[in-house]
Amino acid sequence: MTNVTVIGSQWGDEGKGKIVDWLSSRADVVVRFQGGHNAGHTLVIDEKVYKLHLLPSGIVRKGKISVIGNGVVVDPWALLSEIEEVRGQGVDISPETLKIADNCNLIMPVHAAMDEALEAARGKEKLGTTKRGIGPTYEDKVARRGIRLCDLRDPVLLKEKLNKLMVHHNALLKGLGAETIDPQDIYDQLMNIADEVLGYSTQVWKILEEARKQGKKILFEGAQGVMLDVDHGTYPFVTSSNIVAAQAASGAGVGPKAIGTVLGITKAYTTRVGTGPFPTEQENAEGERMGERGHEFGTTTGRKRRCGWFDATMVRQAVTVAGIDGIALTKLDVLDGFKELKICTGYMLNGVKLDYFPAGQKEQEMVEPVYMTLEGWSESTYGARSFSDLPAQAVKYITVIEELIGAPVFILSTSPEREDTILLKDPFYG
Ligand code: IMP
């Protein structure tokens, strides 16, 4: 048996929460390795709905270890309130079940303020961030002025670091016409919660090494999707971290061979929140219908998601750059009742056909999708538990997708319920 890494293959919101939860029943350790509380993973268990942002999805299951790796940016206040909320739903969370890398970077109140001020300054060019301070925290991380969880153990050094951090940010906030922030205020707020947060902090790379030696199964849980990857996505309309599977290794502190099978969660159509290019977007009745049937509103921000046809060219690219071995196809039922379904098989750019999604910002906006059209199906696929329950046209749709993206379907999810899942190939067996 091998470990499994789950990532999104589109622009996020592919339904990772349910699949990770389903897989986590068979894993021993579940690890987040990038992003932060910009993510929103909805789990439905016995009709009880859990909305997780920062906590790994394994947290809702007894006997699992949940790990937040060094590649995640952690807002300690958001973390504590999420812990409180999930505990309120009857879930046991303690330093025995939740481990946070002591070398992870922390999101400070100034980062959310900067996110907000920078977005306002961008005007029409805004990126549509979640305003959780994710980008500014990663900026500080690579600029080597970030505050890390381990810094909370050293109040004197912490104070020095905060003073330096705020010299930088207050100059920027002033320039952007926003209110400056007193580093002492942040320090006091941090000191109020330091002990509680430090209770969860540890060397997670050691815990993961130990787990590996004991033959335990590790599930790496990605957030967002490959098209939001800071290198491979629709730059600059992306998030600030790498999403691709390779990040699971560096963002958790394991070697690249430890990440195991890479499962790309893929929605049967396409959605995107925030601004940026989206070649197959349908700003029409068909897009509206997908949005309504798929309840396409952001878990974190409540924003309405943009909807469009399945883009096989983009997913094929995601399969390649992210090293996806197989996909979990989700929300097929949203397409029930469409007379015809379109799939993008390439793009036209200035009269030339492309079989890839180009990198240039202008090119990404200009490409015109080339579609193939498939007949739809009128029967319901909602809740199907076996392939033989599916109408022939739905099976055809799945087969065509597999061929076009160059990766097989390992798992088919047919409703938000955990049990409505068809397993074709077990990713834990490679
Ligand atoms: P940020 O991650 O808050 O900086 O936002 C950057 C871009 O990523 C925006 O377009 C967001 O809408 C998008 N984004 C961030 N997190 C998610 C997610 O979990 N699902 C879908 N889109 C996301």
# chains A, B, ... in the order shown; residues from 1 in each chain; ligands from 1
call {"tool": "residues_near_ligand", "arguments": {"ligand": "ligand 1", "cutoff": "10 Å", "atoms": "only C-alpha atoms and all ligand atoms", "output": "PyMOL selection string"}}
result
chain A and resi 8+10-16+35-41+53+112+115+119+126-138+222-225+227-230+234-241+271-276+298-301+303+305
call {"tool": "write_last_selection", "arguments": {"atoms": "C-alpha atoms", "output": "mmCIF file, in the first residue's frame"}}
result
data_model
loop_
_atom_site.group_PDB
_atom_site.id
_atom_site.type_symbol
_atom_site.label_atom_id
_atom_site.label_comp_id
_atom_site.auth_asym_id
_atom_site.auth_seq_id
_atom_site.Cartn_x
_atom_site.Cartn_y
_atom_site.Cartn_z
ATOM 1 C CA GLY A 8 -7.621 19.935 -7.135
ATOM 2 C CA GLN A 10 -9.113 22.920 -11.866
ATOM 3 C CA TRP A 11 -9.671 26.207 -9.983
ATOM 4 C CA GLY A 12 -10.520 24.684 -6.601
ATOM 5 C CA ASP A 13 -13.953 23.766 -5.254
ATOM 6 C CA GLU A 14 -13.864 20.400 -7.035
ATOM 7 C CA GLY A 15 -15.300 18.610 -4.003
ATOM 8 C CA LYS A 16 -12.035 17.637 -2.315
ATOM 9 C CA GLY A 35 -2.629 27.421 1.515
ATOM 10 C CA GLY A 36 -4.424 28.441 4.655
ATOM 11 C CA HIS A 37 -7.947 29.328 5.724
ATOM 12 C CA ASN A 38 -8.694 30.586 2.202
ATOM 13 C CA ALA A 39 -9.748 26.979 1.581
ATOM 14 C CA GLY A 40 -13.216 25.693 2.309
ATOM 15 C CA HIS A 41 -13.852 21.969 2.531
ATOM 16 C CA HIS A 53 -11.009 25.919 6.344
ATOM 17 C CA ALA A 112 -5.399 40.632 6.214
ATOM 18 C CA ASP A 115 -4.652 41.955 1.481
ATOM 19 C CA GLU A 119 -7.029 44.654 -3.468
ATOM 20 C CA LYS A 126 -8.214 43.241 -8.532
ATOM 21 C CA LEU A 127 -7.394 39.557 -8.140
ATOM 22 C CA GLY A 128 -10.518 38.686 -6.179
ATOM 23 C CA THR A 129 -8.571 37.229 -3.241
ATOM 24 C CA THR A 130 -10.336 35.781 -0.205
ATOM 25 C CA LYS A 131 -8.835 38.692 1.834
ATOM 26 C CA ARG A 132 -7.605 36.256 4.458
ATOM 27 C CA GLY A 133 -4.040 37.624 4.284
ATOM 28 C CA ILE A 134 -2.687 34.555 2.483
ATOM 29 C CA GLY A 135 -0.694 36.400 -0.221
ATOM 30 C CA PRO A 136 0.975 38.976 2.057
ATOM 31 C CA THR A 137 1.997 36.193 4.490
ATOM 32 C CA TYR A 138 3.683 34.159 1.745
ATOM 33 C CA GLY A 222 -4.277 19.818 -1.003
ATOM 34 C CA ALA A 223 -6.349 22.992 -1.155
ATOM 35 C CA GLN A 224 -7.369 25.123 -4.181
ATOM 36 C CA GLY A 225 -6.538 23.713 -7.649
ATOM 37 C CA MET A 227 -4.996 26.455 -12.214
ATOM 38 C CA LEU A 228 -4.545 28.591 -9.067
ATOM 39 C CA ASP A 229 -0.922 27.403 -8.642
ATOM 40 C CA VAL A 230 1.453 30.370 -8.417
ATOM 41 C CA THR A 234 -3.570 31.679 -14.542
ATOM 42 C CA TYR A 235 -0.940 34.076 -13.157
ATOM 43 C CA PRO A 236 -1.430 36.677 -11.705
ATOM 44 C CA PHE A 237 -4.990 35.509 -10.968
ATOM 45 C CA VAL A 238 -3.766 32.738 -8.702
ATOM 46 C CA THR A 239 -3.165 32.032 -5.065
ATOM 47 C CA SER A 240 0.329 32.461 -3.587
ATOM 48 C CA SER A 241 1.335 28.856 -3.064
ATOM 49 C CA THR A 271 -16.116 26.595 -11.879
ATOM 50 C CA ARG A 272 -14.008 29.482 -10.725
ATOM 51 C CA VAL A 273 -14.357 32.107 -7.984
ATOM 52 C CA GLY A 274 -12.630 35.433 -8.212
ATOM 53 C CA THR A 275 -11.362 37.144 -11.328
ATOM 54 C CA GLY A 276 -9.170 35.851 -14.130
ATOM 55 C CA GLY A 298 -17.954 29.727 -2.092
ATOM 56 C CA THR A 299 -17.629 27.938 1.277
ATOM 57 C CA THR A 300 -15.235 30.592 2.559
ATOM 58 C CA THR A 301 -16.523 33.844 1.068
ATOM 59 C CA ARG A 303 -19.288 34.370 -3.481
ATOM 60 C CA ARG A 305 -18.928 30.817 -8.564
#
call {"tool": "select_by_dssp", "arguments": {"residues": "region 184-287 of chain A", "states": "strand (DSSP E or B)", "output": "PyMOL selection string"}}
result
chain A and resi 201-202+218-221+261-267+270-272+281
call {"tool": "atom_distance", "arguments": {"atom1": "CA of Gln282 (chain A)", "atom2": "CA of Phe310 (chain A)"}}
result
10.8 Å
call {"tool": "closest_residue", "arguments": {"among": "A:Gly360, A:Gly123, A:Gly69, A:Gly337", "to": "Thr381 (chain A)", "atoms": "only C-alpha atoms"}}
result
A:Gly337
call {"tool": "atom_distance", "arguments": {"atom1": "CA of Arg144 (chain A)", "atom2": "CA of Val110 (chain A)"}}
result
16.1 Å
call {"tool": "residues_around", "arguments": {"residues": "Ser57 (chain A)", "least_positions_apart": "6", "cutoff": "9 Å", "atoms": "only C-alpha atoms", "output": "list in words"}}
result
Gly17, Lys18, Val20, Asp21, Ser24, Val30, Val31, Arg32, His41, Thr42, Leu43, Ser66 and Glu221 of chain A
call {"tool": "write_last_selection", "arguments": {"atoms": "C-alpha atoms", "output": "CSV table (one decimal), in the first residue's frame"}}
result
chain,number,residue,atom,x,y,z
A,17,GLY,CA,-13.6,17.7,1.2
A,18,LYS,CA,-15.8,14.7,0.6
A,20,VAL,CA,-10.5,13.4,1.4
A,21,ASP,CA,-12.9,12.5,4.2
A,24,SER,CA,-9.2,9.4,5.4
A,30,VAL,CA,-4.1,13.4,7.2
A,31,VAL,CA,-1.8,16.3,6.3
A,32,ARG,CA,-2.4,19.8,4.9
A,41,HIS,CA,-13.9,22.0,2.5
A,42,THR,CA,-17.4,20.8,3.2
A,43,LEU,CA,-17.9,17.4,4.7
A,66,SER,CA,-4.3,15.6,11.7
A,221,GLU,CA,-4.7,17.0,1.5
call {"tool": "atom_distance", "arguments": {"atom1": "CA of Glu292 (chain A)", "atom2": "CA of Glu340 (chain A)"}}
result
17.8 Å
call {"tool": "closest_residue", "arguments": {"among": "A:Lys362, A:Lys99, A:Lys51, A:Lys174", "to": "Gln203 (chain A)", "atoms": "only C-alpha atoms"}}
result
A:Lys99
call {"tool": "residues_around", "arguments": {"residues": "Glu160 (chain A)", "least_positions_apart": "5", "cutoff": "12 Å", "atoms": "only C-alpha atoms", "output": "PyMOL selection string"}}
result
chain A and resi 145-147+151-152+154-155+165-167+183-184+187
call {"tool": "write_last_selection", "arguments": {"atoms": "N, CA, C and O atoms", "output": "compact mmCIF listing (two decimals), in the first residue's frame"}}
result
# COMPACT_ATOMS: atom_id res chain seq x y z
N ARG A 145 10.98 37.87 6.44
CA ARG A 145 10.65 38.66 7.62
C ARG A 145 9.40 38.11 8.31
O ARG A 145 8.80 38.77 9.14
N GLY A 146 8.99 36.90 7.95
CA GLY A 146 7.76 36.31 8.50
C GLY A 146 7.87 35.95 9.97
O GLY A 146 8.97 35.79 10.52
N ILE A 147 6.71 35.82 10.60
CA ILE A 147 6.65 35.35 12.00
C ILE A 147 6.25 33.88 11.93
O ILE A 147 5.26 33.54 11.27
N ASP A 151 8.38 31.12 16.82
CA ASP A 151 8.76 32.42 17.39
C ASP A 151 7.94 32.75 18.64
O ASP A 151 8.36 33.57 19.46
N LEU A 152 6.74 32.14 18.76
CA LEU A 152 5.91 32.43 19.94
C LEU A 152 6.57 31.92 21.22
O LEU A 152 6.22 32.33 22.31
N ASP A 154 9.57 32.51 22.00
CA ASP A 154 10.64 33.44 22.38
C ASP A 154 10.10 34.88 22.31
O ASP A 154 10.28 35.59 21.31
N PRO A 155 9.45 35.34 23.41
CA PRO A 155 8.78 36.65 23.38
C PRO A 155 9.71 37.82 23.03
O PRO A 155 9.28 38.77 22.38
N LEU A 165 8.82 43.88 11.22
CA LEU A 165 7.75 43.58 10.25
C LEU A 165 6.87 44.81 10.04
O LEU A 165 6.49 45.15 8.92
N MET A 166 6.59 45.51 11.16
CA MET A 166 5.64 46.61 11.05
C MET A 166 6.29 47.88 10.51
O MET A 166 5.59 48.75 9.98
N VAL A 167 7.61 48.01 10.61
CA VAL A 167 8.27 49.14 9.94
C VAL A 167 7.99 49.01 8.44
O VAL A 167 7.60 49.96 7.76
N PRO A 183 2.73 47.56 16.47
CA PRO A 183 3.24 46.20 16.69
C PRO A 183 2.96 45.69 18.11
O PRO A 183 2.78 44.49 18.31
N GLN A 184 2.90 46.63 19.06
CA GLN A 184 2.62 46.22 20.44
C GLN A 184 1.23 45.56 20.55
O GLN A 184 1.04 44.59 21.28
N TYR A 187 1.54 42.10 19.31
CA TYR A 187 2.29 41.33 20.31
C TYR A 187 1.36 40.92 21.45
O TYR A 187 1.33 39.74 21.85
call {"tool": "select_by_dssp", "arguments": {"residues": "region 254-359 of chain A", "states": "helix (DSSP H, G or I)", "output": "list of chain:residue names"}}
result
A:Pro256, A:Lys257, A:Ala258, A:Ile259, A:Ala285, A:Glu286, A:Gly287, A:Glu288, A:Arg289, A:Met290, A:Gly291, A:Glu292, A:Arg293, A:Ala312, A:Thr313, A:Met314, A:Val315, A:Arg316, A:Gln317, A:Ala318, A:Val319, A:Thr320, A:Val321, A:Ala322, A:Leu332, A:Asp333, A:Val334, A:Leu335
call {"tool": "residues_around", "arguments": {"residues": "Asp46 (chain A)", "least_positions_apart": "4", "cutoff": "10 Å", "atoms": "only C-alpha atoms", "output": "VMD selection string"}}
result
chain A and resid 417 to 419
call {"tool": "closest_residue", "arguments": {"among": "A:Leu23, A:Leu219, A:Ile343, A:Ala117", "to": "Ala268 (chain A)", "atoms": "only C-alpha atoms"}}
result
A:Ile343
